Amino acid sequence: MREKIHKAQVSIYSLGRMEKIDEAILRFWTLLREEGLHFRPAALSTLIWGPPDRLWAALQKGYSLLQPYGILMDIKITAEGPDPYFEWKAE
């Protein structure tokens, strides 16, 4: 049986420093790679998945790392739902 993974959807918004938002998001993605988590950038958020302890720790580190950028981090997290590699295809 595979290890239970948790999934998160994270959106990062700028609160007044729009010129730095791309830099902040790239730093967040670098942190996710360093933490060994899987992620997939989407248009307005980043989808992240992995073991719950590593996922929670990375989210906390990411939030702390990005505070100097004046960001708002919107996080949705669950242990339910389809596998992150699931692709829905219309017939």
# chains A, B, ... in the order shown; residues from 1 in each chain; ligands from 1
call {"tool": "select_by_dssp", "arguments": {"residues": "chain A", "states": "strand (DSSP E or B)", "output": "mmCIF file with C-alpha atoms, in the first residue's frame"}}
result
data_model
loop_
_atom_site.group_PDB
_atom_site.id
_atom_site.type_symbol
_atom_site.label_atom_id
_atom_site.label_comp_id
_atom_site.auth_asym_id
_atom_site.auth_seq_id
_atom_site.Cartn_x
_atom_site.Cartn_y
_atom_site.Cartn_z
ATOM 1 C CA HIS A 6 -1.783 15.111 1.362
ATOM 2 C CA LYS A 7 -2.472 17.650 -1.340
ATOM 3 C CA ALA A 8 -2.417 21.431 -1.158
ATOM 4 C CA GLN A 9 -3.421 24.219 -3.484
ATOM 5 C CA VAL A 10 -1.468 27.381 -2.725
ATOM 6 C CA SER A 11 -2.092 30.814 -4.205
ATOM 7 C CA ILE A 12 0.357 33.635 -3.506
ATOM 8 C CA TYR A 13 -0.772 37.236 -3.894
ATOM 9 C CA SER A 14 1.146 40.467 -3.620
ATOM 10 C CA HIS A 38 5.999 17.166 -5.926
ATOM 11 C CA PHE A 39 4.276 20.208 -7.377
ATOM 12 C CA ARG A 40 2.609 21.461 -10.496
ATOM 13 C CA PRO A 41 2.235 25.160 -11.291
ATOM 14 C CA THR A 46 0.510 25.782 -7.265
ATOM 15 C CA LEU A 47 -0.653 22.220 -6.617
ATOM 16 C CA ILE A 48 1.618 20.408 -4.139
ATOM 17 C CA TRP A 49 1.567 16.862 -2.791
ATOM 18 C CA GLY A 50 3.602 14.646 -0.521
ATOM 19 C CA ILE A 71 2.461 38.432 0.336
ATOM 20 C CA LEU A 72 -0.840 36.826 1.159
ATOM 21 C CA MET A 73 -0.750 33.023 0.987
ATOM 22 C CA ASP A 74 -4.078 31.260 0.446
ATOM 23 C CA ILE A 75 -3.819 27.516 1.254
ATOM 24 C CA LYS A 76 -6.309 24.706 0.778
ATOM 25 C CA ILE A 77 -5.183 21.278 1.993
ATOM 26 C CA THR A 78 -6.711 17.800 1.996
#
call {"tool": "select_by_dssp", "arguments": {"residues": "chain A", "states": "helix (DSSP H, G or I)", "output": "PyMOL selection string"}}
result
chain A and resi 18-34+52-69
call {"tool": "residues_around", "arguments": {"residues": "A:Glu23", "least_positions_apart": "5", "cutoff": "10 Å", "atoms": "only C-alpha atoms", "output": "JSON, numbers by chain"}}
result
{"A": [18, 28, 66, 69]}
call {"tool": "closest_residue", "arguments": {"among": "A:Gly36, A:Gly81, A:Pro51, A:Gly70", "to": "A:Ala24", "atoms": "only C-alpha atoms"}}
result
A:Gly70
call {"tool": "atom_distance", "arguments": {"atom1": "atom CA of A:Leu32", "atom2": "atom CA of A:Gly62"}}
result
8.2 Å
call {"tool": "residues_around", "arguments": {"residues": "A:Arg54", "least_positions_apart": "4", "cutoff": "8 Å", "atoms": "only C-alpha atoms", "output": "ChimeraX atom specification"}}
result
/A:35,37,50,58
call {"tool": "write_last_selection", "arguments": {"atoms": "C-alpha atoms", "output": "PDB file, in the first residue's frame"}}
result
ATOM      1  CA  GLU A  35      11.991  19.802   0.460  1.00  0.00           C
ATOM      2  CA  LEU A  37       7.813  17.649  -2.648  1.00  0.00           C
ATOM      3  CA  GLY A  50       3.602  14.646  -0.521  1.00  0.00           C
ATOM      4  CA  ALA A  58       7.372  23.226   3.662  1.00  0.00           C
TER       5      ALA A  58
END
